[in-house]
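The data block below is run36.csv; it holds CSV, C-alpha atoms and all ligand atoms.
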```csv
chain,number,residue,atom,x,y,z
M,1,MET,CA,74.1,40.0,44.2
M,2,SER,CA,72.3,38.8,41.2
M,3,ASN,CA,71.3,41.3,38.5
M,4,PRO,CA,67.9,42.9,39.0
M,5,ILE,CA,65.4,41.9,36.2
M,6,THR,CA,64.4,44.6,33.7
M,7,CYS,CA,60.9,46.1,33.8
M,8,ARG,CA,60.2,44.4,30.5
M,9,GLU,CA,61.1,41.0,31.8
M,10,ARG,CA,59.0,41.6,34.9
M,11,PHE,CA,56.1,42.4,32.7
M,12,LEU,CA,56.5,39.4,30.5
M,13,ARG,CA,56.9,37.1,33.5
M,14,ALA,CA,53.6,38.3,34.8
M,15,CYS,CA,51.9,37.7,31.5
M,16,ARG,CA,53.2,34.2,31.5
M,17,CYS,CA,52.2,33.6,35.1
M,18,GLU,CA,55.8,33.0,36.2
M,19,PRO,CA,57.2,33.9,39.6
M,20,ASN,CA,58.2,37.5,39.9
M,21,ASP,CA,60.1,39.9,42.2
M,22,ARG,CA,57.0,42.2,42.4
M,23,PRO,CA,53.9,42.9,40.3
M,24,PRO,CA,54.7,45.1,37.2
M,25,ILE,CA,52.7,48.3,37.0
M,26,TRP,CA,51.2,50.4,34.2
M,27,MET,CA,48.0,52.4,33.9
M,28,MET,CA,45.3,52.4,31.2
M,29,ARG,CA,45.2,55.8,29.6
M,30,GLN,CA,48.4,56.7,31.3
M,31,ALA,CA,49.6,59.1,28.6
M,32,GLY,CA,46.8,61.7,28.8
M,33,ARG,CA,45.4,64.9,30.0
M,34,SER,CA,46.4,64.5,33.6
M,35,LEU,CA,50.1,65.2,32.8
M,36,PRO,CA,51.1,68.9,32.5
M,37,GLU,CA,53.8,67.9,29.9
M,38,TYR,CA,51.0,66.4,27.8
M,39,ARG,CA,48.8,69.4,28.1
M,40,LYS,CA,51.7,71.7,27.2
M,41,LEU,CA,52.5,69.7,24.1
M,42,LYS,CA,48.8,69.6,23.1
M,43,GLU,CA,48.6,73.4,23.1
M,44,GLY,CA,50.2,73.3,19.7
M,45,TYR,CA,48.4,70.3,18.1
M,46,ARG,CA,45.0,68.6,17.8
M,47,PHE,CA,44.7,65.1,19.4
M,48,THR,CA,44.7,63.5,15.9
M,49,GLU,CA,47.8,65.4,14.9
M,50,LEU,CA,49.6,64.0,17.9
M,51,VAL,CA,48.4,60.4,17.1
M,52,GLN,CA,49.3,60.7,13.4
M,53,ASN,CA,52.8,62.0,13.9
M,54,PRO,CA,55.2,59.2,15.0
M,55,GLU,CA,57.7,61.5,16.7
M,56,LEU,CA,55.0,63.3,18.7
M,57,ALA,CA,53.2,60.0,19.5
M,58,ALA,CA,56.5,58.5,20.7
M,59,GLU,CA,57.2,61.6,22.9
M,60,VAL,CA,53.7,61.4,24.5
M,61,THR,CA,54.2,57.6,25.1
M,62,LEU,CA,57.5,58.2,26.9
M,63,GLN,CA,56.2,61.1,29.2
M,64,PRO,CA,54.7,58.8,31.8
M,65,ILE,CA,57.6,56.4,31.7
M,66,ARG,CA,60.0,59.3,32.5
M,67,ARG,CA,57.8,60.6,35.3
M,68,PHE,CA,56.6,57.4,37.0
M,69,GLY,CA,59.0,54.7,35.8
M,70,TYR,CA,56.2,52.3,34.9
M,71,ASP,CA,57.2,48.8,33.8
M,72,ALA,CA,55.4,49.1,30.4
M,73,ALA,CA,54.8,51.9,28.0
M,74,VAL,CA,51.4,51.8,26.2
M,75,ILE,CA,51.7,53.3,22.7
M,76,PHE,CA,49.9,56.6,22.3
M,77,SER,CA,47.2,56.2,19.8
M,78,ASP,CA,43.5,55.5,19.9
M,79,ILE,CA,41.1,52.7,19.1
M,80,LEU,CA,39.4,54.9,16.6
M,81,VAL,CA,42.3,54.9,14.2
M,82,VAL,CA,41.1,51.5,12.8
M,83,ALA,CA,37.8,53.2,11.8
M,84,GLU,CA,39.8,56.0,10.1
M,85,ALA,CA,41.9,53.4,8.3
M,86,MET,CA,38.7,51.9,6.9
M,87,GLY,CA,37.3,55.3,5.7
M,88,GLN,CA,35.5,56.7,8.7
M,89,ASN,CA,37.4,59.6,10.3
M,90,TYR,CA,37.0,60.8,13.9
M,91,GLU,CA,37.7,64.0,15.9
M,92,LEU,CA,37.9,64.8,19.6
M,93,LEU,CA,35.3,67.3,20.8
M,94,ASP,CA,36.5,70.2,23.0
M,95,GLN,CA,33.6,69.5,25.3
M,96,GLY,CA,34.7,65.9,25.7
M,97,GLY,CA,33.8,62.7,23.8
M,98,VAL,CA,34.5,61.9,20.2
M,99,ARG,CA,32.6,62.3,16.9
M,100,MET,CA,32.9,60.2,13.8
M,101,ASP,CA,32.4,62.0,10.5
M,102,PHE,CA,29.3,60.0,9.8
M,103,GLU,CA,27.0,57.4,11.4
M,104,LEU,CA,26.8,53.8,9.9
M,105,ASN,CA,23.2,53.3,8.9
M,106,SER,CA,23.0,51.1,5.8
M,107,GLN,CA,24.5,48.4,3.7
M,108,ALA,CA,26.0,51.1,1.5
M,109,ASP,CA,27.8,52.6,4.5
M,110,VAL,CA,29.3,49.3,5.5
M,111,ASP,CA,30.2,48.5,1.9
M,112,LYS,CA,32.2,51.7,1.7
M,113,LEU,CA,34.5,50.6,4.5
M,114,ASP,CA,37.7,49.1,3.2
M,115,ALA,CA,39.5,46.7,5.5
M,116,SER,CA,42.1,45.6,3.0
M,117,ASN,CA,44.5,48.5,2.9
M,118,VAL,CA,44.6,49.7,6.5
M,119,MET,CA,48.3,50.0,6.8
M,120,ASP,CA,48.3,52.6,4.0
M,121,HIS,CA,46.6,54.9,6.5
M,122,ILE,CA,47.7,54.0,10.0
M,123,ALA,CA,51.4,53.0,9.6
M,124,TYR,CA,52.1,56.0,12.0
M,125,THR,CA,51.4,53.8,15.0
M,126,PRO,CA,53.9,51.0,14.2
M,127,GLU,CA,56.4,53.8,13.3
M,128,ALA,CA,55.9,55.4,16.7
M,129,ILE,CA,56.5,52.0,18.3
M,130,LYS,CA,59.9,51.7,16.5
M,131,LEU,CA,60.9,55.1,17.9
M,132,VAL,CA,59.8,54.2,21.4
M,133,ARG,CA,61.8,51.0,21.2
M,134,LYS,CA,64.9,53.0,20.1
M,135,GLU,CA,64.5,55.1,23.2
M,136,LEU,CA,63.7,52.4,25.7
M,137,GLY,CA,65.8,49.6,24.4
M,138,THR,CA,64.8,46.4,26.1
M,139,GLU,CA,64.4,48.0,29.6
M,140,HIS,CA,60.6,48.5,29.4
M,141,ALA,CA,57.8,46.6,27.8
M,142,ILE,CA,55.8,48.2,25.0
M,143,ILE,CA,52.1,47.6,24.8
M,144,GLY,CA,50.3,47.8,21.5
M,145,PHE,CA,46.5,47.9,21.4
M,146,ALA,CA,43.3,48.0,19.5
M,147,GLY,CA,39.6,48.2,20.3
M,148,SER,CA,37.5,45.1,20.3
M,149,PRO,CA,35.4,44.8,17.1
M,150,TRP,CA,32.2,45.4,19.1
M,151,THR,CA,33.5,48.3,21.0
M,152,LEU,CA,34.7,50.0,17.8
M,153,ALA,CA,31.6,49.0,15.9
M,154,SER,CA,29.5,50.8,18.6
M,155,PHE,CA,31.4,54.0,18.1
M,156,MET,CA,31.1,53.7,14.3
M,157,ILE,CA,27.3,53.0,14.3
M,158,GLU,CA,26.6,55.6,16.9
M,159,GLY,CA,28.7,58.2,15.1
M,160,GLY,CA,30.7,58.9,18.3
M,161,SER,CA,30.5,58.6,22.1
M,162,SER,CA,27.2,57.2,23.4
M,163,ARG,CA,26.1,56.4,27.0
M,164,GLU,CA,23.9,53.3,26.3
M,165,ASN,CA,24.8,52.3,22.7
M,166,THR,CA,21.0,52.3,22.0
M,167,ARG,CA,21.2,52.5,18.2
M,168,SER,CA,24.0,50.1,17.8
M,169,ARG,CA,22.4,47.6,20.2
M,170,ALA,CA,19.1,47.9,18.4
M,171,MET,CA,20.9,47.3,15.1
M,172,LEU,CA,22.1,43.9,16.3
M,173,TYR,CA,18.5,42.8,16.4
M,174,SER,CA,17.1,44.6,13.3
M,175,GLU,CA,20.1,44.1,11.0
M,176,PRO,CA,22.1,41.0,12.2
M,177,ALA,CA,23.7,40.2,8.9
M,178,LEU,CA,24.8,43.8,8.4
M,179,CYS,CA,26.3,43.9,11.9
M,180,ARG,CA,28.1,40.6,11.2
M,181,GLN,CA,29.7,42.1,8.0
M,182,LEU,CA,30.8,45.1,9.9
M,183,LEU,CA,32.3,43.0,12.7
M,184,GLU,CA,34.1,40.8,10.2
M,185,LYS,CA,35.6,43.8,8.4
M,186,ILE,CA,36.8,45.4,11.7
M,187,THR,CA,38.2,42.0,12.8
M,188,GLU,CA,40.2,41.7,9.6
M,189,ALA,CA,41.5,45.3,9.8
M,190,THR,CA,42.4,44.9,13.5
M,191,ILE,CA,44.4,41.7,12.9
M,192,THR,CA,46.4,43.5,10.2
M,193,TYR,CA,47.0,46.5,12.5
M,194,LEU,CA,48.0,44.5,15.6
M,195,LYS,CA,50.4,42.3,13.5
M,196,ALA,CA,52.0,45.5,12.2
M,197,GLN,CA,52.4,46.7,15.8
M,198,ILE,CA,54.0,43.4,16.8
M,199,ALA,CA,56.4,43.5,13.8
M,200,ALA,CA,57.4,47.0,14.9
M,201,GLY,CA,58.3,45.8,18.4
M,202,ALA,CA,55.2,45.6,20.6
M,203,ASP,CA,55.9,43.1,23.4
M,204,VAL,CA,52.2,42.6,24.3
M,205,VAL,CA,48.9,43.6,22.7
M,206,GLN,CA,45.8,44.6,24.5
M,207,ILE,CA,42.2,44.5,23.1
M,208,PHE,CA,39.9,47.0,24.8
M,209,ASP,CA,36.3,45.8,25.0
M,210,SER,CA,35.2,48.8,27.1
M,211,GLN,CA,31.7,48.4,25.7
M,212,GLY,CA,31.4,44.6,26.1
M,213,GLY,CA,29.3,45.1,29.2
M,214,THR,CA,26.6,47.1,27.4
M,215,LEU,CA,25.5,43.9,25.5
M,216,ALA,CA,22.7,41.7,26.7
M,217,SER,CA,24.3,38.7,28.4
M,218,GLY,CA,23.3,36.2,25.8
M,219,LEU,CA,24.8,38.3,23.0
M,220,PHE,CA,28.3,38.7,24.4
M,221,TRP,CA,29.9,35.7,22.7
M,222,GLU,CA,28.3,36.2,19.3
M,223,VAL,CA,28.8,40.0,19.1
M,224,SER,CA,32.0,40.5,21.0
M,225,GLY,CA,33.8,37.3,22.3
M,226,GLN,CA,34.1,35.3,19.1
M,227,TRP,CA,35.7,38.2,17.2
M,228,MET,CA,38.2,38.8,20.0
M,229,LYS,CA,39.0,35.1,19.9
M,230,GLN,CA,39.6,35.4,16.1
M,231,ILE,CA,42.1,38.1,16.8
M,232,VAL,CA,43.9,36.2,19.6
M,233,ASP,CA,44.0,33.1,17.4
M,234,ALA,CA,45.5,35.1,14.5
M,235,ILE,CA,48.2,36.5,16.8
M,236,ASN,CA,48.9,32.8,17.6
M,237,GLY,CA,51.0,33.3,20.7
M,238,GLU,CA,53.5,35.5,18.9
M,239,VAL,CA,53.3,37.9,21.9
M,240,PRO,CA,51.1,37.7,25.0
M,241,THR,CA,47.5,39.1,24.6
M,242,ILE,CA,45.5,41.1,27.2
M,243,VAL,CA,41.7,41.4,26.9
M,244,PHE,CA,40.0,44.1,29.0
M,245,ALA,CA,36.3,43.5,28.8
M,246,ARG,CA,34.5,45.9,31.1
M,247,ASN,CA,31.4,44.9,33.1
M,248,VAL,CA,31.2,41.3,31.8
M,249,HIS,CA,31.1,39.6,35.2
M,250,HIS,CA,28.3,37.3,34.2
M,251,ASN,CA,30.3,36.1,31.2
M,252,TRP,CA,33.7,35.1,32.5
M,253,ASP,CA,33.6,31.7,30.9
M,254,LYS,CA,33.2,33.4,27.5
M,255,VAL,CA,35.9,36.0,28.1
M,256,ILE,CA,38.3,33.1,29.0
M,257,LYS,CA,37.3,31.4,25.8
M,258,THR,CA,38.9,34.2,23.8
M,259,GLY,CA,42.2,32.6,24.8
M,260,ALA,CA,43.9,35.8,25.9
M,261,ASN,CA,46.8,35.3,28.3
M,262,VAL,CA,45.8,38.1,30.6
M,263,GLN,CA,42.4,39.3,31.7
M,264,GLY,CA,41.9,42.9,32.6
M,265,ILE,CA,39.5,43.2,35.5
M,266,ASP,CA,37.4,46.4,36.2
M,267,TRP,CA,37.2,47.8,39.7
M,268,SER,CA,33.6,46.8,40.5
M,269,ILE,CA,34.5,43.3,41.6
M,270,ASP,CA,37.0,41.8,44.0
M,271,LEU,CA,40.3,41.0,42.1
M,272,ARG,CA,41.5,38.1,44.2
M,273,GLU,CA,38.1,36.4,44.2
M,274,THR,CA,37.9,36.8,40.5
M,275,ALA,CA,41.5,35.6,40.0
M,276,ASP,CA,40.9,32.5,42.1
M,277,ARG,CA,37.9,31.6,39.8
M,278,LEU,CA,40.0,31.8,36.6
M,279,PRO,CA,42.4,29.1,35.4
M,280,SER,CA,45.8,29.5,37.1
M,281,ASN,CA,47.6,29.9,33.8
M,282,VAL,CA,45.5,33.0,33.0
M,283,ALA,CA,47.1,36.2,34.4
M,284,VAL,CA,45.0,39.1,35.7
M,285,GLN,CA,45.4,42.8,35.4
M,286,GLY,CA,43.7,45.4,37.6
M,287,ASN,CA,41.9,46.7,39.4
M,288,LEU,CA,42.4,49.8,41.6
M,289,ASP,CA,39.4,52.1,41.6
M,290,PRO,CA,40.3,55.1,39.3
M,291,ALA,CA,38.5,57.4,41.7
M,292,LEU,CA,41.5,57.0,44.0
M,293,LEU,CA,43.4,59.2,41.5
M,294,ASN,CA,41.2,62.1,42.7
M,295,ALA,CA,41.5,61.1,46.4
M,296,SER,CA,44.4,61.9,48.8
M,297,PRO,CA,47.8,60.3,48.1
M,298,GLU,CA,47.5,58.6,51.5
M,299,ALA,CA,44.2,56.9,50.6
M,300,ALA,CA,45.5,55.9,47.2
M,301,ALA,CA,48.6,54.4,48.8
M,302,ALA,CA,46.6,52.5,51.4
M,303,GLU,CA,44.2,51.0,48.9
M,304,THR,CA,47.2,50.1,46.7
M,305,ARG,CA,48.8,48.2,49.6
M,306,ARG,CA,45.5,46.5,50.3
M,307,LEU,CA,45.2,45.3,46.7
M,308,LEU,CA,48.9,44.1,46.7
M,309,ASP,CA,48.3,42.2,49.9
M,310,SER,CA,45.2,40.6,48.6
M,311,MET,CA,47.0,39.3,45.5
M,312,ARG,CA,50.0,37.9,47.4
M,313,GLY,CA,50.8,34.3,46.2
M,314,ARG,CA,48.8,34.6,42.9
M,315,SER,CA,51.4,34.5,40.2
M,316,GLY,CA,50.4,36.3,37.0
M,317,PHE,CA,49.4,39.7,38.3
M,318,ILE,CA,49.8,43.0,36.6
M,319,PHE,CA,49.0,46.0,38.8
M,320,ASN,CA,46.7,48.5,37.0
M,321,LEU,CA,43.6,50.6,37.4
M,322,GLY,CA,40.2,49.1,37.0
M,323,HIS,CA,39.7,51.5,34.0
M,324,GLY,CA,41.5,54.5,32.6
M,325,VAL,CA,43.2,57.4,34.3
M,326,PRO,CA,40.6,60.2,34.8
M,327,PRO,CA,41.5,63.5,32.9
M,328,ASP,CA,41.8,65.5,36.2
M,329,ALA,CA,43.8,62.9,38.1
M,330,ASP,CA,46.0,64.2,40.9
M,331,ILE,CA,49.7,63.6,40.0
M,332,ALA,CA,50.5,63.2,43.7
M,333,ALA,CA,48.0,60.3,44.0
M,334,ILE,CA,49.5,58.6,40.8
M,335,GLU,CA,53.0,59.0,42.3
M,336,ALA,CA,51.9,57.5,45.6
M,337,ILE,CA,50.4,54.4,43.8
M,338,ALA,CA,53.4,53.9,41.6
M,339,GLN,CA,55.9,54.2,44.5
M,340,THR,CA,53.9,51.8,46.6
M,341,VAL,CA,53.9,49.1,43.9
M,342,GLN,CA,57.5,49.7,43.0
M,343,SER,CA,58.7,49.3,46.6
M,344,ALA,CA,56.5,46.2,47.2
Q,1,LIG,O1,46.5,54.5,27.6
Q,1,LIG,C1,47.2,55.3,27.0
Q,1,LIG,O2,47.8,56.2,27.5
Q,1,LIG,C2,47.3,55.0,25.5
Q,1,LIG,C3,46.4,55.7,24.6
Q,1,LIG,C4,44.9,55.4,24.6
Q,1,LIG,C5,44.1,56.5,24.3
Q,1,LIG,N1,42.8,56.0,24.1
Q,1,LIG,C6,44.4,57.9,24.1
Q,1,LIG,C7,43.4,58.9,24.3
Q,1,LIG,C8,44.2,54.3,24.7
Q,1,LIG,C9,44.6,52.9,25.1
Q,1,LIG,C10,42.8,54.6,24.3
Q,1,LIG,C11,41.8,53.6,24.2
Q,1,LIG,C12,40.4,54.1,23.9
Q,1,LIG,N2,40.0,55.2,23.2
Q,1,LIG,C13,39.2,53.4,24.4
Q,1,LIG,C14,39.2,52.1,25.1
Q,1,LIG,C15,39.6,52.3,26.5
Q,1,LIG,C16,38.7,53.1,27.5
Q,1,LIG,O3,39.2,54.0,28.1
Q,1,LIG,O4,37.6,52.7,27.6
Q,1,LIG,C17,38.1,54.1,23.9
Q,1,LIG,C18,36.7,53.8,24.1
Q,1,LIG,C19,38.6,55.2,23.1
Q,1,LIG,C20,37.9,56.2,22.4
Q,1,LIG,C21,38.1,57.6,22.9
Q,1,LIG,N3,39.3,58.3,22.7
Q,1,LIG,C22,37.2,58.4,23.6
Q,1,LIG,C23,35.8,58.0,24.0
Q,1,LIG,C24,37.9,59.6,23.9
Q,1,LIG,C25,37.3,60.9,24.5
Q,1,LIG,C26,37.3,60.8,25.9
Q,1,LIG,C27,36.9,62.1,26.6
Q,1,LIG,O5,36.8,62.0,27.8
Q,1,LIG,O6,36.7,63.1,26.0
Q,1,LIG,C28,39.2,59.5,23.3
Q,1,LIG,C29,40.3,60.5,23.4
Q,1,LIG,C30,41.6,60.1,24.0
Q,1,LIG,N4,42.2,58.9,23.7
Q,1,LIG,C31,42.4,60.8,24.9
Q,1,LIG,C32,43.5,60.1,25.1
Q,1,LIG,C33,44.8,60.5,25.9
Q,1,LIG,C34,42.0,62.2,25.5
Q,1,LIG,C35,42.9,63.2,24.7
Q,1,LIG,C36,42.8,64.6,25.1
Q,1,LIG,O7,41.7,65.1,25.6
Q,1,LIG,O8,43.8,65.3,24.9
```
What would you get if you wrote out this structure as structure tokens?
Ligand code: CP3
Amino acid sequence: MSNPITCRERFLRACRCEPNDRPPIWMMRQAGRSLPEYRKLKEGYRFTELVQNPELAAEVTLQPIRRFGYDAAVIFSDILVVAEAMGQNYELLDQGGVRMDFELNSQADVDKLDASNVMDHIAYTPEAIKLVRKELGTEHAIIGFAGSPWTLASFMIEGGSSRENTRSRAMLYSEPALCRQLLEKITEATITYLKAQIAAGADVVQIFDSQGGTLASGLFWEVSGQWMKQIVDAINGEVPTIVFARNVHHNWDKVIKTGANVQGIDWSIDLRETADRLPSNVAVQGNLDPALLNASPEAAAAETRRLLDSMRGRSGFIFNLGHGVPPDADIAAIEAIAQTVQSA
């Protein structure tokens, strides 16, 4: 019998669109509030304390790997650490959502942000990656990540979570030069940060453009796509790249133009149909409806099977949710999904 491939190799094969024994699986926001062991650890610490302490961040990263045996571990951190590194701190609110310590309003606010020394502030994430690597060896892949410049800019301008990004989207029209300066600074900081994660051992990096779909269709490339392309270009094939741009279905050509190896697809469209429209050397990741994590394990397993069947014969497929794990997800449903993929 030939040796079974490692989870890490399975994951990398999928990123490179090579033939595989089965699709690899991980879940966005897999290390979070749904796990009792995370909630227990968090009784003693604030969210930012967990993120900023490499030992604790490594422990939270490993929790879902131990429990579910996912092929890849996504490093426990947050997209907002890049704002912190430039001089705008954040906190998590007890009632949900995040708050930045000020809103970006003016040229002076943007001038204050410093993109040139980010690793003096957020070296804790690469440090956590090194600890996770020590624990996992080369058995599992490690995913590093950052927010897209636009997604992060929207949090920074709004001063926290926002439903419609009304202020940040208005600023794109009223202060285009200022917005460009901000996006440039975030891009520079993000390149430095992702390169540090790669140097520390990240096998793959993902850019989260969760707010990409809030933009008017004609603005997507200028405000979001082109900056993600700059980041992908700077990584220059050192490791595979994943872009998850949510709700951008009218702009696939532009999302492809970022040059990412893998496209994350949200759950609102058919994965196979979308995959068949993309170039065959672009891998896809997705796209189970996260609501199934609050449904019965039987329903979750059945939909997982349906998705796996629909993707049969498409190489370059990473099984994931169509967005993040909901905070109140049912562990039994997560288990049913993981086992269904792992026995495929
Ligand atoms: O996937 C993982 O397990 C890795 C860690 C990760 C977190 N955030 C940890 C986290 C990742 C990849 C993120 C990305 C992130 N953070 C995004 C993009 C992806 C997405 O889901 O759209 C965004 C927009 C953020 C910003 C952010 N962080 C928000 C809006 C919130 C609050 C959410 C809420 O419901 O209150 C966070 C907090 C956060 N980041 C949690 C986790 C595990 C919740 C922590 C807790 O309550 O203890």
Which residues of chain M come within 6 Å of ligand LIG 1 (chain Q), and for each one, what is the closest pair of atoms and their distance in Å to one decimal, counting only C-alpha atoms and all ligand atoms, sorted by chain and residue number, as a Markdown table?
```
| residue | atom | partner | partner_atom | distance |
| --- | --- | --- | --- | --- |
| M:Met28 | CA | Q:LIG1 | O1 | 4.3 |
| M:Arg29 | CA | Q:LIG1 | O1 | 2.7 |
| M:Gln30 | CA | Q:LIG1 | O2 | 3.9 |
| M:Ala31 | CA | Q:LIG1 | O2 | 3.6 |
| M:Gly32 | CA | Q:LIG1 | C33 | 3.7 |
| M:Arg33 | CA | Q:LIG1 | O8 | 5.4 |
| M:Phe47 | CA | Q:LIG1 | O8 | 5.6 |
| M:Val74 | CA | Q:LIG1 | C2 | 5.2 |
| M:Ile75 | CA | Q:LIG1 | C2 | 5.5 |
| M:Phe76 | CA | Q:LIG1 | C3 | 4.3 |
| M:Ser77 | CA | Q:LIG1 | C3 | 4.9 |
| M:Asp78 | CA | Q:LIG1 | N1 | 4.3 |
| M:Ile79 | CA | Q:LIG1 | N2 | 4.9 |
| M:Gly96 | CA | Q:LIG1 | O6 | 3.5 |
| M:Gly97 | CA | Q:LIG1 | O6 | 3.7 |
| M:Val98 | CA | Q:LIG1 | C25 | 5.2 |
| M:Ser161 | CA | Q:LIG1 | C23 | 5.7 |
| M:Phe208 | CA | Q:LIG1 | C14 | 5.2 |
| M:Ser210 | CA | Q:LIG1 | O4 | 4.6 |
| M:Gly324 | CA | Q:LIG1 | O3 | 5.1 |
```
8 Å contact set for range 189-193 of chain M, all atoms listed in the file, chain neighbours under 4 positions out, as a count of residues only: 14
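Using all atoms listed in the file, the shortest contact distance between Glu135 in chain M and any of M:Ala177, M:Ala73, M:Leu93, M:Leu182 is found at M:Ala73.
Point (53.5, 49.0, 16.6) has the following residues at most 7 Å away: M:Thr125, M:Pro126, M:Glu127, M:Ala128, M:Ile129, M:Lys130, M:Gly144, M:Ala196, M:Gln197, M:Ile198, M:Ala199, M:Ala200, M:Gly201, M:Ala202 (atoms considered: only C-alpha atoms).
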Looking at only C-alpha atoms, which of M:Ala57, M:Met311, M:Leu194, M:Leu183 is the one that sits closest to Leu152 in chain M?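 With only C-alpha atoms as the atom set, the closest residue is M:Leu183.
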Name the residues in contact with range 336-342 of chain M at a cut-off of 9 Å, using only C-alpha atoms, excluding same-chain residues fewer than 2 positions from it; report them as a ChimeraX atom specification. /M:22-26,68-70,293,297-298,300-305,308,319,331-334,344
Could you tell me which of M:Leu292, M:Leu307, M:Val282, M:Ile256 comes closest to Glu18 in chain M if we count all atoms listed in the file?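 The shortest atom-to-atom distance to Glu18 in chain M comes from M:Val282.
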Please, what distance in Å, to one decimal, runs between CA of Val284 in chain M and CA of Asp71 in chain M?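 Straight-line distance from CA of Val284 in chain M to CA of Asp71 in chain M works out to 15.7 Å.
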CA of Cys7 in chain M and CA of Ala58 in chain M, how far apart in Å? 18.6 Å
Just give me the gap between CA of His323 in chain M and CA of Asp266 in chain M in Å, one decimal is fine.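 These two atoms are separated by 6.0 Å.
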Would you mind telling me which residue in M:Ala283, M:Leu215, M:Ala153, M:Cys17 lies nearest to Ile265 in chain M when using only C-alpha atoms?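 Once distances to Ile265 in chain M are computed over only C-alpha atoms, the minimum belongs to M:Ala283.
Ranking M:Ser34, M:Leu178, M:Ile157, M:Asp21 by their shortest atom-to-atom distance to Pro326 in chain M, with all atoms listed in the file included, puts M:Ser34 first.
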Repair of range 339-343 of chain M at the level of all heavy atoms, as a tab-separated table (two decimals), in the coordinates of the input:
```tsv
chain	number	residue	atom	x	y	z
M	339	GLN	N	54.80	54.47	43.53
M	339	GLN	CA	55.90	54.20	44.50
M	339	GLN	C	55.54	53.01	45.39
M	339	GLN	O	56.40	52.21	45.75
M	339	GLN	CB	56.19	55.43	45.32
M	339	GLN	CG	57.05	56.41	44.54
M	339	GLN	CD	57.14	57.78	45.19
M	339	GLN	OE1	56.74	57.94	46.35
M	339	GLN	NE2	57.63	58.75	44.45
M	340	THR	N	54.26	52.90	45.76
M	340	THR	CA	53.90	51.80	46.60
M	340	THR	C	54.07	50.45	45.92
M	340	THR	O	54.59	49.50	46.51
M	340	THR	CB	52.38	51.94	47.04
M	340	THR	OG1	52.22	53.21	47.68
M	340	THR	CG2	51.94	50.84	47.99
M	341	VAL	N	53.72	50.38	44.64
M	341	VAL	CA	53.90	49.10	43.90
M	341	VAL	C	55.40	48.86	43.69
M	341	VAL	O	55.88	47.73	43.87
M	341	VAL	CB	53.18	49.15	42.54
M	341	VAL	CG1	53.42	47.86	41.77
M	341	VAL	CG2	51.68	49.37	42.74
M	342	GLN	N	56.13	49.91	43.34
M	342	GLN	CA	57.50	49.70	43.00
M	342	GLN	C	58.39	49.37	44.20
M	342	GLN	O	59.48	48.83	44.05
M	342	GLN	CB	58.07	50.99	42.29
M	342	GLN	CG	57.55	51.07	40.86
M	342	GLN	CD	57.55	52.48	40.28
M	342	GLN	OE1	57.71	53.45	41.02
M	342	GLN	NE2	57.35	52.59	38.98
M	343	SER	N	57.90	49.68	45.41
M	343	SER	CA	58.70	49.30	46.60
M	343	SER	C	58.11	48.06	47.26
M	343	SER	O	58.52	47.71	48.37
M	343	SER	CB	58.78	50.47	47.56
M	343	SER	OG	57.48	50.86	47.95
```
